[in-house]
$ cat input-v4.pdb   # PDB, C-alpha atoms
ATOM      1  CA  MET A   1       0.000   0.000   0.000
ATOM      2  CA  GLU A   2       1.315   3.451  -0.934
ATOM      3  CA  THR A   3       2.090   5.765   1.946
ATOM      4  CA  PRO A   4       0.269   9.100   1.722
ATOM      5  CA  ASP A   5       2.432  11.877   0.310
ATOM      6  CA  THR A   6       0.394  14.776   1.685
ATOM      7  CA  TYR A   7      -0.087  16.149   5.177
ATOM      8  CA  ARG A   8      -2.097  18.898   6.871
ATOM      9  CA  SER A   9      -0.319  22.005   8.093
ATOM     10  CA  LEU A  10      -0.894  25.730   8.621
ATOM     11  CA  ALA A  11      -0.646  28.340   5.889
ATOM     12  CA  LYS A  12       0.734  31.223   7.955
ATOM     13  CA  THR A  13       1.386  32.629  11.436
ATOM     14  CA  SER A  14      -1.697  33.379  13.508
ATOM     15  CA  GLU A  15      -2.621  34.520  17.002
ATOM     16  CA  GLY A  16      -5.312  33.656  19.511
ATOM     17  CA  LEU A  17      -6.378  34.809  22.968
ATOM     18  CA  TYR A  18      -8.115  33.335  25.999
ATOM     19  CA  LYS A  19      -8.819  35.145  29.270
ATOM     20  CA  GLU A  20      -9.727  33.564  32.585
ATOM     21  CA  LYS A  21      -9.894  35.201  36.055
ATOM     22  CA  GLY A  22      -7.494  37.978  35.120
ATOM     23  CA  SER A  23      -4.962  35.634  33.463
ATOM     24  CA  LYS A  24      -4.264  36.230  29.791
ATOM     25  CA  PHE A  25      -3.242  33.393  27.471
ATOM     26  CA  ILE A  26      -1.905  34.742  24.173
ATOM     27  CA  SER A  27      -1.371  31.999  21.604
ATOM     28  CA  PHE A  28       0.711  31.842  18.447
ATOM     29  CA  ALA A  29       0.516  29.168  15.734
ATOM     30  CA  TYR A  30       3.291  28.761  13.171
ATOM     31  CA  PRO A  31       4.153  26.468  10.267
ATOM     32  CA  VAL A  32       7.714  25.287  11.109
ATOM     33  CA  GLU A  33      10.457  23.334   9.340
ATOM     34  CA  ASN A  34      12.783  22.100  12.064
ATOM     35  CA  GLU A  35      13.735  22.389  15.729
ATOM     36  CA  GLN A  36      16.132  25.264  15.029
ATOM     37  CA  HIS A  37      13.174  27.219  13.623
ATOM     38  CA  VAL A  38      11.175  26.375  16.804
ATOM     39  CA  LYS A  39      14.036  27.671  18.997
ATOM     40  CA  GLU A  40      14.261  30.941  17.042
ATOM     41  CA  LEU A  41      10.512  31.563  17.350
ATOM     42  CA  LEU A  42      10.540  30.813  21.105
ATOM     43  CA  ASP A  43      13.512  33.163  21.647
ATOM     44  CA  GLN A  44      11.714  35.876  19.674
ATOM     45  CA  LEU A  45       8.528  35.544  21.787
ATOM     46  CA  LYS A  46      10.508  35.555  25.049
ATOM     47  CA  LYS A  47      12.117  38.841  23.999
ATOM     48  CA  GLU A  48       8.842  40.392  22.854
ATOM     49  CA  TYR A  49       6.812  39.235  25.895
ATOM     50  CA  HIS A  50       9.706  39.374  28.389
ATOM     51  CA  ASP A  51       7.365  40.202  31.305
ATOM     52  CA  ALA A  52       5.168  37.090  30.858
ATOM     53  CA  ARG A  53       5.156  34.243  33.407
ATOM     54  CA  HIS A  54       5.130  31.148  31.150
ATOM     55  CA  TYR A  55       5.882  30.241  27.515
ATOM     56  CA  CYS A  56       4.243  26.829  27.066
ATOM     57  CA  TYR A  57       4.355  25.119  23.694
ATOM     58  CA  ALA A  58       3.991  21.984  21.608
ATOM     59  CA  PHE A  59       5.163  21.046  18.137
ATOM     60  CA  VAL A  60       4.747  18.128  15.734
ATOM     61  CA  PHE A  61       6.935  17.366  12.718
ATOM     62  CA  LYS A  62       5.748  15.064   9.960
ATOM     63  CA  LEU A  63       6.597  11.401   9.848
ATOM     64  CA  GLU A  64       9.315  10.728   7.293
ATOM     65  CA  GLU A  65      10.912   7.612   5.926
ATOM     66  CA  GLY A  66      13.372   6.185   8.374
ATOM     67  CA  ARG A  67      12.357   8.406  11.251
ATOM     68  CA  GLU A  68       9.547   8.587  13.753
ATOM     69  CA  GLU A  69       7.204  11.527  13.970
ATOM     70  CA  THR A  70       8.920  14.148  16.166
ATOM     71  CA  PHE A  71       6.884  15.992  18.767
ATOM     72  CA  ARG A  72       7.371  17.766  22.073
ATOM     73  CA  ALA A  73       5.197  19.437  24.697
ATOM     74  CA  SER A  74       6.531  21.864  27.336
ATOM     75  CA  ASP A  75       4.721  23.059  30.481
ATOM     76  CA  ASP A  76       7.424  25.687  31.153
ATOM     77  CA  GLY A  77       6.907  25.760  34.920
ATOM     78  CA  GLU A  78       3.152  25.143  34.945
ATOM     79  CA  PRO A  79       2.004  21.943  36.762
ATOM     80  CA  ALA A  80       2.987  18.795  34.801
ATOM     81  CA  HIS A  81       0.694  18.058  31.817
ATOM     82  CA  SER A  82      -1.470  21.158  32.427
ATOM     83  CA  ALA A  83      -0.183  23.211  29.466
ATOM     84  CA  GLY A  84       1.983  21.429  26.869
ATOM     85  CA  ASP A  85      -0.299  18.377  26.611
ATOM     86  CA  PRO A  86      -3.536  20.356  25.987
ATOM     87  CA  ILE A  87      -1.710  22.397  23.310
ATOM     88  CA  LEU A  88      -0.378  19.186  21.720
ATOM     89  CA  GLY A  89      -3.903  17.737  21.945
ATOM     90  CA  GLN A  90      -5.218  20.569  19.755
ATOM     91  CA  ILE A  91      -2.486  20.052  17.132
ATOM     92  CA  ARG A  92      -3.405  16.340  17.086
ATOM     93  CA  SER A  93      -7.168  16.916  16.971
ATOM     94  CA  TYR A  94      -6.749  18.965  13.767
ATOM     95  CA  SER A  95      -4.226  16.344  12.430
ATOM     96  CA  LEU A  96      -1.573  19.003  11.868
ATOM     97  CA  GLN A  97       2.136  18.453  11.213
ATOM     98  CA  ASP A  98       5.141  20.772  10.865
ATOM     99  CA  VAL A  99       3.378  23.068  13.329
ATOM    100  CA  LEU A 100       4.368  24.911  16.516
ATOM    101  CA  ILE A 101       1.906  26.477  18.954
ATOM    102  CA  VAL A 102       3.150  28.660  21.797
ATOM    103  CA  VAL A 103       0.907  30.045  24.549
ATOM    104  CA  VAL A 104       2.296  32.998  26.507
ATOM    105  CA  ARG A 105       0.662  33.399  29.930
ATOM    106  CA  TYR A 106       0.278  36.535  32.001
ATOM    107  CA  PHE A 107      -0.775  35.545  35.519
ATOM    108  CA  GLY A 108      -3.798  37.440  36.808
ATOM    109  CA  GLY A 109      -3.353  36.745  40.518
ATOM    110  CA  THR A 110      -5.993  34.014  40.848
ATOM    111  CA  LYS A 111      -4.985  30.365  40.552
ATOM    112  CA  LEU A 112      -7.059  28.439  38.023
ATOM    113  CA  GLY A 113      -6.465  24.906  39.321
ATOM    114  CA  MET A 114      -5.475  21.956  37.154
ATOM    115  CA  SER A 115      -8.699  21.679  35.132
ATOM    116  CA  GLY A 116      -8.834  25.469  34.675
ATOM    117  CA  LEU A 117      -5.299  25.509  33.323
ATOM    118  CA  ILE A 118      -5.902  22.573  30.976
ATOM    119  CA  ASN A 119      -8.992  24.291  29.583
ATOM    120  CA  ALA A 120      -7.269  27.683  29.220
ATOM    121  CA  TYR A 121      -4.285  26.301  27.294
ATOM    122  CA  LYS A 122      -6.564  24.168  25.130
ATOM    123  CA  MET A 123      -8.879  27.099  24.280
ATOM    124  CA  ALA A 124      -5.967  29.462  23.565
ATOM    125  CA  ALA A 125      -4.335  26.897  21.228
ATOM    126  CA  MET A 126      -7.658  26.251  19.480
ATOM    127  CA  ASP A 127      -8.202  29.993  18.934
ATOM    128  CA  ALA A 128      -4.812  30.362  17.194
ATOM    129  CA  ILE A 129      -5.611  27.383  14.911
ATOM    130  CA  CYS A 130      -9.096  28.746  14.126
ATOM    131  CA  ASN A 131      -7.556  32.095  13.132
ATOM    132  CA  ASN A 132      -5.288  30.320  10.640
ATOM    133  CA  VAL A 133      -5.865  28.398   7.396
ATOM    134  CA  ILE A 134      -5.311  24.635   7.276
ATOM    135  CA  VAL A 135      -3.623  23.572   4.048
ATOM    136  CA  GLU A 136      -2.711  20.254   2.501
ATOM    137  CA  LYS A 137       0.995  20.108   1.713
ATOM    138  CA  VAL A 138       2.741  17.651  -0.577
ATOM    139  CA  ILE A 139       5.760  15.658   0.634
ATOM    140  CA  LYS A 140       8.513  16.004  -1.935
ATOM    141  CA  GLN A 141      11.562  13.939  -2.774
ATOM    142  CA  ILE A 142      14.623  16.108  -3.358
ATOM    143  CA  PHE A 143      17.320  14.803  -5.717
ATOM    144  CA  ARG A 144      20.348  16.164  -7.550
ATOM    145  CA  ILE A 145      21.453  15.612 -11.124
ATOM    146  CA  SER A 146      24.488  16.646 -13.159
ATOM    147  CA  PHE A 147      24.742  16.666 -16.920
ATOM    148  CA  PRO A 148      26.732  18.202 -19.781
ATOM    149  CA  TYR A 149      25.376  21.315 -21.540
ATOM    150  CA  THR A 150      24.597  19.165 -24.586
ATOM    151  CA  ALA A 151      21.937  17.263 -22.566
ATOM    152  CA  THR A 152      20.096  20.415 -21.425
ATOM    153  CA  SER A 153      17.099  20.066 -23.755
ATOM    154  CA  GLU A 154      16.691  16.368 -22.879
ATOM    155  CA  VAL A 155      16.784  17.165 -19.137
ATOM    156  CA  MET A 156      14.348  20.084 -19.490
ATOM    157  CA  GLN A 157      11.967  17.815 -21.383
ATOM    158  CA  LEU A 158      12.097  15.264 -18.505
ATOM    159  CA  VAL A 159      11.552  18.047 -15.951
ATOM    160  CA  HIS A 160       8.360  19.176 -17.716
ATOM    161  CA  GLN A 161       7.133  15.664 -18.505
ATOM    162  CA  HIS A 162       7.368  14.508 -14.857
ATOM    163  CA  GLN A 163       6.229  17.795 -13.261
ATOM    164  CA  VAL A 164       9.536  18.221 -11.466
ATOM    165  CA  GLU A 165      10.316  21.500  -9.713
ATOM    166  CA  ILE A 166      13.784  23.036 -10.116
ATOM    167  CA  VAL A 167      14.927  24.033  -6.612
ATOM    168  CA  SER A 168      18.354  25.372  -7.633
ATOM    169  CA  GLN A 169      20.676  25.252 -10.624
ATOM    170  CA  SER A 170      24.309  26.055 -11.349
ATOM    171  CA  PHE A 171      26.191  26.081 -14.649
ATOM    172  CA  GLU A 172      29.862  26.155 -13.660
ATOM    173  CA  GLN A 173      31.602  22.913 -14.701
ATOM    174  CA  GLY A 174      28.689  21.348 -16.548
ATOM    175  CA  CYS A 175      25.150  21.674 -15.165
ATOM    176  CA  LEU A 176      23.993  20.899 -11.635
ATOM    177  CA  PHE A 177      20.305  20.874 -10.727
ATOM    178  CA  GLU A 178      18.611  20.283  -7.398
ATOM    179  CA  LEU A 179      15.106  19.024  -8.122
ATOM    180  CA  ALA A 180      11.953  18.217  -6.172
ATOM    181  CA  ILE A 181       9.193  15.800  -7.172
ATOM    182  CA  ARG A 182       6.033  14.641  -5.453
ATOM    183  CA  LYS A 183       7.113  11.644  -3.345
ATOM    184  CA  ASN A 184       4.655   9.159  -4.863
ATOM    185  CA  LYS A 185       5.941   9.986  -8.369
ATOM    186  CA  TRP A 186       9.617   9.505  -7.505
ATOM    187  CA  GLN A 187       9.757   5.714  -8.106
ATOM    188  CA  GLU A 188       8.518   6.085 -11.658
ATOM    189  CA  ALA A 189      10.516   9.237 -12.539
ATOM    190  CA  GLN A 190      13.781   7.822 -11.166
ATOM    191  CA  LYS A 191      14.055   5.480 -14.157
ATOM    192  CA  TYR A 192      14.146   8.443 -16.538
ATOM    193  CA  PHE A 193      16.684  10.484 -14.554
ATOM    194  CA  ILE A 194      18.922   7.489 -13.753
ATOM    195  CA  ASN A 195      21.767   8.542 -16.109
ATOM    196  CA  PHE A 196      22.018  12.001 -14.518
ATOM    197  CA  LEU A 197      21.623  11.158 -10.806
ATOM    198  CA  MET A 198      24.439  12.156  -8.484
TER     199      MET A 198
END

$ encode --input "input-v4.pdb" --output "structure tokens"
Amino acid sequence: METPDTYRSLAKTSEGLYKEKGSKFISFAYPVENEQHVKELLDQLKKEYHDARHYCYAFVFKLEEGREETFRASDDGEPAHSAGDPILGQIRSYSLQDVLIVVVRYFGGTKLGMSGLINAYKMAAMDAICNNVIVEKVIKQIFRISFPYTATSEVMQLVHQHQVEIVSQSFEQGCLFELAIRKNKWQEAQKYFINFLM
């Protein structure tokens, strides 16, 4: 059975807000590419909202060949499982991948209790998702080819025929292309590019 080559993610950055007993939960949803990107976004929010009490978050990266789905949930000082898990639960309930949601909390002076916290983080995360656009993204196979100038028209014909996207190209000693193709089409297309593969 063919593995699906699409996944659901977010189209852009969005914000949400939930208020409870004076506490403010400001949420941010982002499409992300890797853990370095997650770290940069968290650092940015900590600078911007430096006077906040907590920066709780969760992220999920898509399942790829040879590696498990990567995910993490952080309570950032809130009681265990009261913040990161409800945020992660919202990402899962919308079946999203390559997504980070951060909820920045300003404490209002009144404790919310475990169930109050769980609900607040869940509602804040949901609001950020609802203010975004869910998109279906295609998983692509990236590959590189090299060829002499004389083969340019043959290669360009293959590129168009197999709906391959040119990611980058260089024409120094001969031609070097980095290409991307929809993952489920790679098996078939590989046969045609075999002589040029690096």

$ residues_around --input "input-v4.pdb" --residues "segment 134-149 of chain A" --least-positions-apart "2" --cutoff "8 Å" --atoms "all atoms listed in the file" --output "PyMOL selection string"
chain A and resi 5-11+132+151-152+174-183+186+193+196-198

$ resolve_selection --input "input-v4.pdb" --expression "the PyMOL selection byres ((chain A and resi 55) around 10)" --output "JSON, numbers by chain"
{"A": [25, 26, 27, 42, 45, 46, 49, 50, 52, 53, 54, 56, 57, 74, 75, 76, 77, 78, 83, 84, 102, 103, 104, 105, 106]}

$ atom_distance --input "input-v4.pdb" --atom1 "atom CA of Ala128 of chain A" --atom2 "atom CA of Thr70 of chain A"
21.3 Å

$ atom_distance --input "input-v4.pdb" --atom1 "atom CA of Ser82 of chain A" --atom2 "atom CA of Val60 of chain A"
18.1 Å

$ resolve_selection --input "input-v4.pdb" --expression "the PyMOL selection byres ((chain A and resi 18) around 8)" --output "JSON, numbers by chain"
{"A": [16, 17, 19, 20, 24, 25, 26, 120, 123, 124, 127]}

$ closest_residue --input "input-v4.pdb" --among "A:Leu100, A:Tyr94, A:Ser115, A:His160" --to "Gln36 of chain A" --atoms "only C-alpha atoms"
A:Leu100

$ residues_around --input "input-v4.pdb" --residues "Ile101 of chain A" --least-positions-apart "2" --cutoff "7 Å" --atoms "all atoms listed in the file" --output "list of chain:residue names"
A:Ser27, A:Phe28, A:Ala29, A:Tyr30, A:Tyr57, A:Ala58, A:Phe59, A:Ile87, A:Val99, A:Val103, A:Ala125

$ closest_residue --input "input-v4.pdb" --among "A:Val164, A:Asn34, A:Leu88, A:Ser93" --to "Gln190 of chain A" --atoms "all atoms listed in the file"
A:Val164

$ atom_distance --input "input-v4.pdb" --atom1 "atom CA of Asn184 of chain A" --atom2 "atom CA of His162 of chain A"
11.7 Å

$ resolve_selection --input "input-v4.pdb" --expression "the PyMOL selection byres ((chain A and resi 98) around 6)" --output "list in words"
Pro31, Val32, Val60, Phe61, Lys62, Gln97 and Val99 of chain A

$ decode --input "input-v4.pdb" --residues "segment 99-110 of chain A" --atoms "C-alpha atoms" --output "short mmCIF file (atom, residue, chain, number, x, y, z; two decimals), in the first residue's frame"
data_model
loop_
_atom_site.label_atom_id
_atom_site.label_comp_id
_atom_site.auth_asym_id
_atom_site.auth_seq_id
_atom_site.Cartn_x
_atom_site.Cartn_y
_atom_site.Cartn_z
CA VAL A 99 3.38 23.07 13.33
CA LEU A 100 4.37 24.91 16.52
CA ILE A 101 1.91 26.48 18.95
CA VAL A 102 3.15 28.66 21.80
CA VAL A 103 0.91 30.04 24.55
CA VAL A 104 2.30 33.00 26.51
CA ARG A 105 0.66 33.40 29.93
CA TYR A 106 0.28 36.53 32.00
CA PHE A 107 -0.78 35.55 35.52
CA GLY A 108 -3.80 37.44 36.81
CA GLY A 109 -3.35 36.75 40.52
CA THR A 110 -5.99 34.01 40.85
#
